[in-house]
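K.L.:
target-v6.txt is the file, holding compact mmCIF, C-alpha atoms:
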```
# COMPACT_ATOMS: atom_id res chain seq x y z
CA MET A 1 62.52 62.11 8.98
CA THR A 2 58.89 61.79 9.89
CA GLY A 3 57.52 64.26 7.35
CA ASN A 4 54.35 63.22 5.64
CA VAL A 5 54.90 62.67 1.94
CA PHE A 6 51.31 61.56 1.29
CA PRO A 7 48.14 63.60 1.44
CA ARG A 8 46.36 62.59 4.61
CA ARG A 9 43.54 60.74 2.86
CA ASP A 10 46.00 58.67 0.80
CA LEU A 11 48.25 57.69 3.65
CA PRO A 12 49.28 54.06 3.23
CA CYS A 13 48.54 51.72 6.09
CA ASP A 14 45.36 53.62 7.01
CA LYS A 15 42.70 51.16 5.95
CA VAL A 16 44.28 47.92 6.99
CA SER A 17 42.04 46.73 9.82
CA ALA A 18 39.46 45.12 7.54
CA LEU A 19 42.19 43.28 5.69
CA ILE A 20 43.67 41.43 8.60
CA GLU A 21 40.41 40.94 10.43
CA ALA A 22 38.46 39.71 7.44
CA PRO A 23 36.24 36.76 8.39
CA GLY A 24 36.75 33.41 6.71
CA THR A 25 40.52 33.31 7.00
CA GLU A 26 40.41 30.98 9.99
CA SER A 27 39.32 27.99 7.90
CA THR A 28 42.55 28.12 5.97
CA ALA A 29 44.64 28.88 9.00
CA ARG A 30 46.79 25.79 8.65
CA GLN A 31 47.32 26.00 4.95
CA GLU A 32 50.93 26.63 4.12
CA LYS A 33 50.03 28.07 0.77
CA ALA A 34 49.32 31.74 0.92
CA ARG A 35 45.94 32.74 -0.39
CA LEU A 36 45.99 35.00 -3.34
CA ARG A 37 43.23 37.17 -4.60
CA THR A 38 43.80 39.04 -7.76
CA ARG A 39 41.58 41.16 -9.88
CA PRO A 40 42.91 40.49 -13.35
CA GLY A 41 43.80 43.58 -15.33
CA GLU A 42 44.97 43.99 -18.89
CA ASN A 43 48.46 42.75 -18.08
CA GLY A 44 47.53 39.71 -16.03
CA MET A 45 47.92 41.54 -12.75
CA GLY A 46 45.22 43.85 -11.55
CA PRO A 47 45.87 47.11 -9.81
CA LYS A 48 45.90 45.30 -6.48
CA MET A 49 46.89 41.91 -5.20
CA VAL A 50 46.21 40.76 -1.66
CA LEU A 51 47.92 37.81 0.00
CA ARG A 52 47.15 36.42 3.43
CA LEU A 53 49.61 34.08 5.01
CA HIS A 54 50.70 32.62 8.29
CA SER A 55 53.93 33.47 9.98
CA THR A 56 56.18 30.64 8.84
CA PRO A 57 59.22 30.71 6.56
CA MET A 58 57.51 28.25 4.18
CA SER A 59 54.43 30.49 3.91
CA VAL A 60 56.74 33.38 3.10
CA ARG A 61 58.27 31.27 0.34
CA ALA A 62 54.87 30.40 -1.08
CA ALA A 63 53.77 34.03 -0.99
CA LEU A 64 56.93 35.15 -2.81
CA ALA A 65 56.39 32.50 -5.47
CA GLN A 66 52.85 33.75 -6.06
CA VAL A 67 53.95 37.37 -6.30
CA ARG A 68 56.67 36.37 -8.74
CA GLU A 69 54.25 34.40 -10.88
CA ALA A 70 51.68 37.20 -11.00
CA LEU A 71 54.25 39.86 -11.85
CA GLN A 72 56.00 37.71 -14.43
CA SER A 73 52.76 37.30 -16.32
CA ALA A 74 52.31 41.06 -16.01
CA ALA A 75 55.66 41.47 -17.83
CA VAL A 76 57.44 43.20 -14.96
CA PRO A 77 61.20 43.15 -15.76
CA GLY A 78 63.24 40.46 -14.01
CA SER A 79 65.53 42.89 -12.18
CA ASP A 80 62.52 44.73 -10.71
CA LEU A 81 61.03 41.40 -9.68
CA GLY A 82 64.31 40.50 -8.02
CA ARG A 83 64.38 43.73 -6.03
CA LEU A 84 60.75 43.33 -4.99
CA GLU A 85 61.23 39.71 -3.98
CA LEU A 86 64.21 40.62 -1.83
CA VAL A 87 62.50 43.52 -0.02
CA LEU A 88 59.32 41.49 0.48
CA ALA A 89 61.28 38.51 1.76
CA GLU A 90 63.27 40.60 4.24
CA ALA A 91 60.17 42.39 5.50
CA MET A 92 58.14 39.19 5.93
CA ASN A 93 61.03 37.24 7.48
CA ASN A 94 61.44 40.06 9.93
CA ILE A 95 57.76 39.78 10.91
CA VAL A 96 57.99 35.99 11.31
CA GLU A 97 61.12 36.21 13.40
CA HIS A 98 60.69 39.40 15.42
CA ALA A 99 57.01 40.45 15.42
CA TYR A 100 55.70 36.91 15.94
CA LEU A 101 58.85 35.49 17.56
CA ASP A 102 58.81 32.45 15.26
CA SER A 103 55.31 31.42 16.32
CA PRO A 104 53.49 29.96 13.28
CA ASP A 105 50.08 31.29 14.38
CA GLY A 106 50.53 34.92 13.40
CA ARG A 107 48.87 36.37 10.35
CA ILE A 108 50.43 38.54 7.70
CA VAL A 109 48.59 40.44 4.99
CA VAL A 110 50.43 41.75 1.95
CA ARG A 111 48.76 44.26 -0.32
CA LEU A 112 50.62 44.96 -3.52
CA THR A 113 49.67 47.71 -5.93
CA ARG A 114 51.05 48.14 -9.40
CA ASP A 115 51.13 51.60 -10.84
CA PRO A 116 52.47 52.37 -14.32
CA ASP A 117 55.88 53.30 -12.94
CA ALA A 118 56.10 51.67 -9.50
CA LEU A 119 55.19 48.78 -7.27
CA SER A 120 53.98 49.70 -3.82
CA CYS A 121 53.32 47.36 -0.98
CA GLU A 122 51.76 47.36 2.47
CA ILE A 123 52.56 44.54 4.86
CA ILE A 124 50.38 44.25 7.94
CA ASP A 125 50.77 42.09 11.04
CA THR A 126 49.45 42.03 14.60
CA GLY A 127 52.69 41.00 16.27
CA THR A 128 55.07 42.88 18.53
CA ALA A 129 55.81 46.48 17.60
CA MET A 130 59.17 47.55 16.26
CA PRO A 131 61.43 48.70 19.08
CA GLY A 132 60.59 52.33 19.83
CA ASP A 133 57.70 52.13 17.33
CA ALA A 134 60.19 53.10 14.65
CA LEU A 135 61.99 51.54 11.71
CA PRO A 136 65.41 50.12 12.52
CA GLN A 137 68.31 52.19 11.25
CA GLY A 138 69.58 49.37 9.11
CA ASP A 139 73.18 50.49 9.12
CA HIS A 140 75.59 48.28 7.27
CA PRO A 141 77.23 45.85 9.64
CA MET A 142 80.93 46.58 9.51
CA LEU A 143 83.27 44.26 7.67
CA PRO A 144 86.11 43.59 10.06
CA SER A 145 88.18 40.41 10.08
CA ILE A 146 86.61 37.18 8.83
CA ASP A 147 86.14 35.86 12.35
CA ASP A 148 84.06 38.90 13.23
CA LEU A 149 81.97 38.98 10.05
CA PRO A 150 78.29 39.43 10.83
CA GLU A 151 75.99 36.50 10.05
CA GLY A 152 72.91 38.69 10.20
CA GLY A 153 71.76 42.26 10.30
CA PHE A 154 71.66 42.71 6.54
CA GLY A 155 67.88 42.61 6.24
CA TRP A 156 67.06 46.22 7.05
CA PHE A 157 70.17 47.42 5.33
CA MET A 158 68.98 45.81 2.08
CA ILE A 159 65.40 47.05 2.50
CA ARG A 160 66.66 50.60 2.96
CA GLU A 161 69.02 50.30 -0.01
CA LEU A 162 66.33 48.99 -2.38
CA ALA A 163 63.10 50.69 -1.34
CA GLU A 164 62.40 54.15 -2.68
CA VAL A 165 59.89 55.09 -0.01
CA LEU A 166 59.72 53.31 3.33
CA ARG A 167 57.26 53.97 6.15
CA TYR A 168 56.15 52.17 9.25
CA ASN A 169 53.34 52.76 11.65
CA ARG A 170 51.90 51.03 14.66
CA ARG A 171 48.21 51.60 15.28
CA SER A 172 45.64 49.67 17.34
CA GLY A 173 47.97 46.74 17.84
CA ARG A 174 48.87 46.45 14.16
CA ASN A 175 52.15 47.02 12.42
CA CYS A 176 52.07 48.32 8.90
CA LEU A 177 55.12 48.63 6.72
CA TYR A 178 54.81 50.47 3.44
CA PHE A 179 57.38 50.57 0.70
CA ARG A 180 57.57 51.61 -2.92
CA LEU A 181 59.90 50.46 -5.69
CA ALA A 182 60.22 52.30 -8.97
CA LEU A 183 59.81 50.10 -12.03
CA THR A 184 62.45 50.15 -14.74
CA ARG A 185 61.04 51.67 -17.90
CA PRO A 186 60.81 48.81 -20.41
CA GLU A 187 62.62 50.70 -23.18
CA LEU A 188 65.53 51.36 -20.81
CA ALA A 189 65.70 47.74 -19.71
CA GLU A 190 65.83 46.66 -23.35
CA ASN A 191 68.53 49.14 -24.27
CA GLU A 192 70.59 48.12 -21.29
CA ALA A 193 70.50 44.52 -22.41
CA GLN A 194 71.42 45.30 -25.99
CA ASP A 195 73.68 48.28 -25.89
CA PRO A 196 74.25 50.27 -22.72
CA ALA A 197 75.61 53.22 -24.71
CA ARG A 198 72.57 53.69 -26.89
CA PRO A 199 70.47 56.64 -25.76
CA SER A 200 66.94 55.82 -24.70
CA LEU A 201 64.01 56.75 -26.89
CA GLY A 202 61.97 57.90 -23.91
CA MET B 1 68.75 21.01 1.36
CA ASN B 2 70.65 19.03 -1.26
CA LEU B 3 74.35 19.51 -1.76
CA GLU B 4 76.37 17.67 -4.40
CA ILE B 5 79.95 17.10 -3.40
CA SER B 6 82.84 16.25 -5.69
CA GLN B 7 86.63 16.38 -5.48
CA HIS B 8 88.95 17.74 -8.14
CA ASP B 9 92.54 17.15 -7.01
CA ASP B 10 92.95 19.39 -3.98
CA LEU B 11 89.67 21.18 -4.54
CA LEU B 12 86.40 20.29 -2.83
CA LEU B 13 83.44 21.39 -4.95
CA ILE B 14 80.12 21.79 -3.14
CA THR B 15 77.24 22.37 -5.53
CA VAL B 16 74.04 23.67 -3.99
CA ALA B 17 71.29 21.69 -5.73
CA GLU B 18 68.52 24.02 -4.59
CA ALA B 19 66.95 27.12 -6.07
CA ARG B 20 66.89 29.05 -2.80
CA ILE B 21 69.00 29.62 0.29
CA ASP B 22 66.52 31.51 2.44
CA ALA B 23 65.21 31.76 5.99
CA ALA B 24 63.37 28.44 5.55
CA VAL B 25 66.58 26.46 4.97
CA ALA B 26 69.44 28.58 6.34
CA ILE B 27 70.05 26.38 9.40
CA GLN B 28 69.86 23.20 7.32
CA PHE B 29 72.29 24.70 4.84
CA LYS B 30 74.80 25.45 7.60
CA ASP B 31 74.52 21.90 8.96
CA ARG B 32 74.96 20.27 5.55
CA VAL B 33 77.89 22.47 4.64
CA ARG B 34 79.57 21.73 7.96
CA GLU B 35 79.32 17.99 7.17
CA ALA B 36 80.73 18.55 3.68
CA PHE B 37 83.69 20.51 5.04
CA ALA B 38 84.85 17.39 6.93
CA THR B 39 86.38 16.14 3.66
CA PRO B 40 89.97 17.38 3.64
CA SER B 41 91.09 19.59 0.75
CA ARG B 42 93.21 22.65 0.16
CA ARG B 43 90.49 24.70 -1.52
CA VAL B 44 86.71 24.70 -1.07
CA VAL B 45 84.40 26.10 -3.74
CA LEU B 46 80.68 26.62 -3.22
CA ASP B 47 78.92 26.47 -6.58
CA LEU B 48 75.75 28.61 -6.50
CA ALA B 49 74.87 28.38 -10.21
CA ARG B 50 71.52 26.76 -9.48
CA VAL B 51 70.60 29.21 -6.71
CA ASP B 52 68.39 32.04 -7.88
CA PHE B 53 67.47 33.55 -4.52
CA VAL B 54 69.41 34.32 -1.36
CA ASP B 55 67.95 36.47 1.42
CA SER B 56 69.78 37.91 4.43
CA SER B 57 69.36 34.63 6.34
CA GLY B 58 70.85 32.72 3.42
CA LEU B 59 73.67 35.24 3.13
CA GLY B 60 74.28 34.88 6.87
CA ALA B 61 74.51 31.11 6.42
CA ILE B 62 77.06 31.49 3.60
CA VAL B 63 79.10 33.85 5.80
CA ALA B 64 78.81 31.33 8.65
CA ALA B 65 80.18 28.70 6.26
CA LEU B 66 83.13 30.96 5.48
CA LYS B 67 83.82 31.29 9.19
CA MET B 68 83.79 27.50 9.65
CA MET B 69 86.92 27.19 7.53
CA GLU B 70 89.97 26.06 9.40
CA ASN B 71 93.62 25.17 8.73
CA GLY B 72 94.11 27.97 6.26
CA ARG B 73 91.28 26.82 3.98
CA ARG B 74 89.28 29.58 2.39
CA LEU B 75 85.74 29.33 1.03
CA GLU B 76 85.42 30.48 -2.58
CA LEU B 77 82.18 31.06 -4.50
CA ALA B 78 81.33 30.21 -8.10
CA GLY B 79 78.45 30.65 -10.54
CA LEU B 80 76.60 33.58 -9.02
CA THR B 81 73.26 34.20 -10.73
CA PRO B 82 72.23 37.88 -11.08
CA PRO B 83 69.92 37.91 -8.01
CA VAL B 84 72.58 36.31 -5.83
CA GLU B 85 75.27 38.60 -7.21
CA ARG B 86 73.02 41.58 -6.34
CA VAL B 87 72.75 40.53 -2.68
CA LEU B 88 76.50 40.07 -2.36
CA ARG B 89 77.25 43.38 -4.04
CA LEU B 90 74.61 45.25 -2.05
CA THR B 91 75.97 43.99 1.26
CA ARG B 92 79.59 44.38 0.05
CA MET B 93 80.18 40.72 0.80
CA ASP B 94 81.51 40.39 -2.75
CA ARG B 95 84.73 41.88 -1.33
CA VAL B 96 85.05 39.11 1.25
CA PHE B 97 84.90 36.10 -1.06
CA THR B 98 86.98 35.02 -4.02
CA ILE B 99 84.33 34.71 -6.74
CA HIS B 100 84.70 32.60 -9.89
CA LYS B 101 82.56 32.86 -13.00
CA ASP B 102 81.56 29.20 -12.73
CA ALA B 103 82.72 25.88 -11.30
CA THR B 104 84.86 25.12 -14.37
CA ALA B 105 86.73 28.39 -13.97
CA ALA B 106 87.24 27.65 -10.27
CA ILE B 107 88.66 24.21 -11.02
CA SER B 108 90.92 25.36 -13.86
CA PRO B 109 94.50 25.85 -12.53
CA ARG B 110 94.90 29.01 -14.64
CA ASP B 111 92.12 30.59 -12.61
CA ALA B 112 93.77 29.83 -9.28
CA ALA B 113 93.60 32.96 -7.16
```
Would you mind writing the structure in this file as structure tokens?
P.N.:
Amino acid sequence: MTGNVFPRRDLPCDKVSALIEAPGTESTARQEKARLRTRPGENGMGPKMVLRLHSTPMSVRAALAQVREALQSAAVPGSDLGRLELVLAEAMNNIVEHAYLDSPDGRIVVRLTRDPDALSCEIIDTGTAMPGDALPQGDHPMLPSIDDLPEGGFGWFMIRELAEVLRYNRRSGRNCLYFRLALTRPELAENEAQDPARPSLG
Amino acid sequence: MNLEISQHDDLLLITVAEARIDAAVAIQFKDRVREAFATPSRRVVLDLARVDFVDSSGLGAIVAALKMMENGRRLELAGLTPPVERVLRLTRMDRVFTIHKDATAAISPRDAA
């Protein structure tokens, strides 16, 4: 499926060049801590949050911690946070490992947008393209006997299971992955916790 | 990567004293677990009650630990937090492991699988 679900002018991953090529990021090149720029909104998190990090597993950790902190103070439900953290982690780990081949010098930019009912995210890197310039299938590795159990290959499977919309494009030497996760409506989350049988008020 | 190891009769309890098993520590986790497995026991339980995040690398390391088992020993899991439980369920790995509510339940003879 390559059909375009976005109007052309709103296509995610279109305006990413300025983000990753922004001047002034070199000075912090060796910092493990991802840089976070937020524009505070009414709920603690503004409509957009941009993180720039280097391609190391520890930078990925730091970035995830900052996303978690920002969204927690914006009262995003824990289960939504958990899903976002997992998809973000898998996508960024994949960039560290496969796009930058475990070199710590690559740069990753994460742009997170919170809408009333969804979180959407663009992740940009300048590493190697996905094979065939396309998203991996992410089939579930089979579960045969214990000796043959897979020790990897779950990343794309989980991303595809959790993300509502998933797109990838390669343009001018940049990879951009876009995904969207629907947020649980707060009244539903509350009802679930108290009494799953109670009908929602929404 | 800190693991706390204790023995309860024929059960070896390995408690992961870390909040995350992720890509940053997956290799370390495998190494530490391999060392811990050297202690002989009939059962081995990995207590994950303090772990609140596992990614696919961490899951791969836990599966690798399962595959290290020899002499009829089987790796069991205990104390899955909701985020960890989600990853196991999503990947259907919850069908591969015996899973106990918590370490106490795993140690209790009545809970023996």
K.L.:
Give me, as a PDB file with C-alpha atoms, in the frame of the given file, the residues of chain A touching chain B, with the criterion being at most 10 Å (counting all atoms listed in the file).
P.N.:
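Result file is selection_37.pdb:
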```
ATOM      1  CA  THR A  56      56.180  30.640   8.840  1.00  0.00           C
ATOM      2  CA  PRO A  57      59.220  30.710   6.560  1.00  0.00           C
ATOM      3  CA  MET A  58      57.510  28.250   4.180  1.00  0.00           C
ATOM      4  CA  SER A  59      54.430  30.490   3.910  1.00  0.00           C
ATOM      5  CA  VAL A  60      56.740  33.380   3.100  1.00  0.00           C
ATOM      6  CA  ARG A  61      58.270  31.270   0.340  1.00  0.00           C
ATOM      7  CA  GLY A  78      63.240  40.460 -14.010  1.00  0.00           C
ATOM      8  CA  SER A  79      65.530  42.890 -12.180  1.00  0.00           C
ATOM      9  CA  LEU A  81      61.030  41.400  -9.680  1.00  0.00           C
ATOM     10  CA  GLY A  82      64.310  40.500  -8.020  1.00  0.00           C
ATOM     11  CA  ARG A  83      64.380  43.730  -6.030  1.00  0.00           C
ATOM     12  CA  GLU A  85      61.230  39.710  -3.980  1.00  0.00           C
ATOM     13  CA  LEU A  86      64.210  40.620  -1.830  1.00  0.00           C
ATOM     14  CA  VAL A  87      62.500  43.520  -0.020  1.00  0.00           C
ATOM     15  CA  ALA A  89      61.280  38.510   1.760  1.00  0.00           C
ATOM     16  CA  GLU A  90      63.270  40.600   4.240  1.00  0.00           C
ATOM     17  CA  ASN A  93      61.030  37.240   7.480  1.00  0.00           C
ATOM     18  CA  ASN A  94      61.440  40.060   9.930  1.00  0.00           C
ATOM     19  CA  VAL A  96      57.990  35.990  11.310  1.00  0.00           C
ATOM     20  CA  GLU A  97      61.120  36.210  13.400  1.00  0.00           C
ATOM     21  CA  HIS A 140      75.590  48.280   7.270  1.00  0.00           C
ATOM     22  CA  PRO A 141      77.230  45.850   9.640  1.00  0.00           C
ATOM     23  CA  MET A 142      80.930  46.580   9.510  1.00  0.00           C
ATOM     24  CA  LEU A 143      83.270  44.260   7.670  1.00  0.00           C
ATOM     25  CA  PRO A 144      86.110  43.590  10.060  1.00  0.00           C
ATOM     26  CA  SER A 145      88.180  40.410  10.080  1.00  0.00           C
ATOM     27  CA  ILE A 146      86.610  37.180   8.830  1.00  0.00           C
ATOM     28  CA  ASP A 147      86.140  35.860  12.350  1.00  0.00           C
ATOM     29  CA  ASP A 148      84.060  38.900  13.230  1.00  0.00           C
ATOM     30  CA  LEU A 149      81.970  38.980  10.050  1.00  0.00           C
ATOM     31  CA  PRO A 150      78.290  39.430  10.830  1.00  0.00           C
ATOM     32  CA  GLU A 151      75.990  36.500  10.050  1.00  0.00           C
ATOM     33  CA  GLY A 152      72.910  38.690  10.200  1.00  0.00           C
ATOM     34  CA  GLY A 153      71.760  42.260  10.300  1.00  0.00           C
ATOM     35  CA  PHE A 154      71.660  42.710   6.540  1.00  0.00           C
ATOM     36  CA  GLY A 155      67.880  42.610   6.240  1.00  0.00           C
ATOM     37  CA  TRP A 156      67.060  46.220   7.050  1.00  0.00           C
ATOM     38  CA  PHE A 157      70.170  47.420   5.330  1.00  0.00           C
ATOM     39  CA  MET A 158      68.980  45.810   2.080  1.00  0.00           C
ATOM     40  CA  GLU A 161      69.020  50.300  -0.010  1.00  0.00           C
ATOM     41  CA  LEU A 162      66.330  48.990  -2.380  1.00  0.00           C
TER      42      LEU A 162
END
```
K.L.:
Go ahead and compute the interatomic distance for CA of Ser108 in chain B and CA of Asp9 in chain B, in Å to one decimal.
P.N.:
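We find that CA of Ser108 in chain B and CA of Asp9 in chain B lie 10.8 Å from each other.
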K.L.:
Mind giving me the straight-line distance from CA of Ser120 in chain A to CA of Ala99 in chain A in Å, one decimal?
P.N.:
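One can read the CA of Ser120 in chain A to CA of Ala99 in chain A distance as 21.6 Å.
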K.L.:
Just to confirm, what's the straight-line distance from CA of Val109 in chain A to CA of Arg52 in chain A in Å (one decimal)?
P.N.:
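Taking CA of Val109 in chain A and CA of Arg52 in chain A, their separation equals 4.5 Å.
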K.L.:
Neighbouring residues of Ile108 in chain A were defined as those with any atom within 6 Å, considering all atoms listed in the file; residues of the same chain fewer than 4 positions away were excluded. Please report them as a PyMOL selection string.
P.N.:
chain A and resi 52-54+124-125
K.L.:
Excluding same-chain residues fewer than 3 positions from Phe97 in chain B, what lies within 8 Å of it counting all atoms listed in the file, as a PyMOL selection string?
P.N.:
chain B and resi 75-77+93-94
K.L.:
Any chance you could export the current selection's C-alpha atoms as a compact mmCIF listing (two decimals), keeping the file's coordinate frame?
P.N.:
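Saved file again-v3.txt follows:
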```txt
# COMPACT_ATOMS: atom_id res chain seq x y z
CA LEU B 75 85.74 29.33 1.03
CA GLU B 76 85.42 30.48 -2.58
CA LEU B 77 82.18 31.06 -4.50
CA MET B 93 80.18 40.72 0.80
CA ASP B 94 81.51 40.39 -2.75
```
K.L.:
Using all atoms listed in the file, find the one residue out of B:Thr104, B:Asn71, B:Asn2, B:Thr98 that sits nearest to Ala38 in chain B.
P.N.:
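Among the listed residues, B:Asn71 lies closest to Ala38 in chain B.
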K.L.:
Choose the residue, out of A:Asp105, A:Glu122, A:Asp117, A:Glu69, that has the smallest atom-to-atom separation from Ala182 in chain A; count all atoms listed in the file.
P.N.:
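The answer is A:Asp117, which sits nearest to Ala182 in chain A.
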K.L.:
Can you pull out the residues contacting Gly79 in chain B? Cut-off 10 Å, using all atoms listed in the file, and skip same-chain residues under 3 positions away; I want them as a list in words.
P.N.:
Thr15, Leu46, Asp47, Leu48, Ala49, Arg50, Val51, Pro82, Val84, Glu85, Ile99, His100, Lys101, Asp102, Ala103, Thr104, Ala105 and Ala106 of chain B
K.L.:
When you look at Cys121 in chain A with a cut-off of 12 Å (counting all atoms listed in the file), what residues show up, excluding the ones that are within fewer than 2 positions of it in the same chain? I need them as a PyMOL selection string.
P.N.:
chain A and resi 12-13+47-51+67+84-85+87-88+91-92+109-115+118-119+123-124+163-168+176-182
K.L.:
Assuming the input is short of atoms at range 57-73 of chain B, produce N, CA and C atoms for that part as a short mmCIF file (atom, residue, chain, number, x, y, z; two decimals), in the frame of the given file.
P.N.:
```cif
data_model
loop_
_atom_site.label_atom_id
_atom_site.label_comp_id
_atom_site.auth_asym_id
_atom_site.auth_seq_id
_atom_site.Cartn_x
_atom_site.Cartn_y
_atom_site.Cartn_z
N SER B 57 69.09 35.85 5.56
CA SER B 57 69.36 34.63 6.34
C SER B 57 70.28 33.70 5.57
N GLY B 58 70.02 33.56 4.27
CA GLY B 58 70.85 32.72 3.42
C GLY B 58 72.26 33.27 3.32
N LEU B 59 72.36 34.59 3.18
CA LEU B 59 73.67 35.24 3.13
C LEU B 59 74.41 34.99 4.45
N GLY B 60 73.68 35.13 5.56
CA GLY B 60 74.28 34.88 6.87
C GLY B 60 74.81 33.45 6.97
N ALA B 61 74.08 32.51 6.37
CA ALA B 61 74.51 31.11 6.42
C ALA B 61 75.76 30.90 5.58
N ILE B 62 75.86 31.60 4.45
CA ILE B 62 77.06 31.49 3.60
C ILE B 62 78.26 32.11 4.33
N VAL B 63 78.03 33.23 5.01
CA VAL B 63 79.10 33.85 5.80
C VAL B 63 79.50 32.93 6.95
N ALA B 64 78.51 32.28 7.58
CA ALA B 64 78.81 31.33 8.65
C ALA B 64 79.68 30.20 8.12
N ALA B 65 79.39 29.76 6.88
CA ALA B 65 80.18 28.70 6.26
C ALA B 65 81.63 29.15 6.08
N LEU B 66 81.79 30.40 5.64
CA LEU B 66 83.13 30.96 5.48
C LEU B 66 83.89 30.91 6.81
N LYS B 67 83.17 31.23 7.88
CA LYS B 67 83.82 31.29 9.19
C LYS B 67 84.12 29.91 9.78
N MET B 68 83.50 28.86 9.18
CA MET B 68 83.79 27.50 9.65
C MET B 68 85.14 26.99 9.14
N MET B 69 85.67 27.65 8.14
CA MET B 69 86.92 27.19 7.53
C MET B 69 88.06 27.20 8.54
N GLU B 70 88.83 26.13 8.49
CA GLU B 70 89.97 26.06 9.40
C GLU B 70 91.22 25.64 8.63
N ASN B 71 92.35 25.62 9.31
CA ASN B 71 93.62 25.17 8.73
C ASN B 71 93.98 25.89 7.44
N GLY B 72 93.71 27.17 7.42
CA GLY B 72 94.11 27.97 6.26
C GLY B 72 93.24 27.77 5.03
N ARG B 73 92.17 26.98 5.14
CA ARG B 73 91.28 26.82 3.98
C ARG B 73 90.43 28.07 3.86
#
```
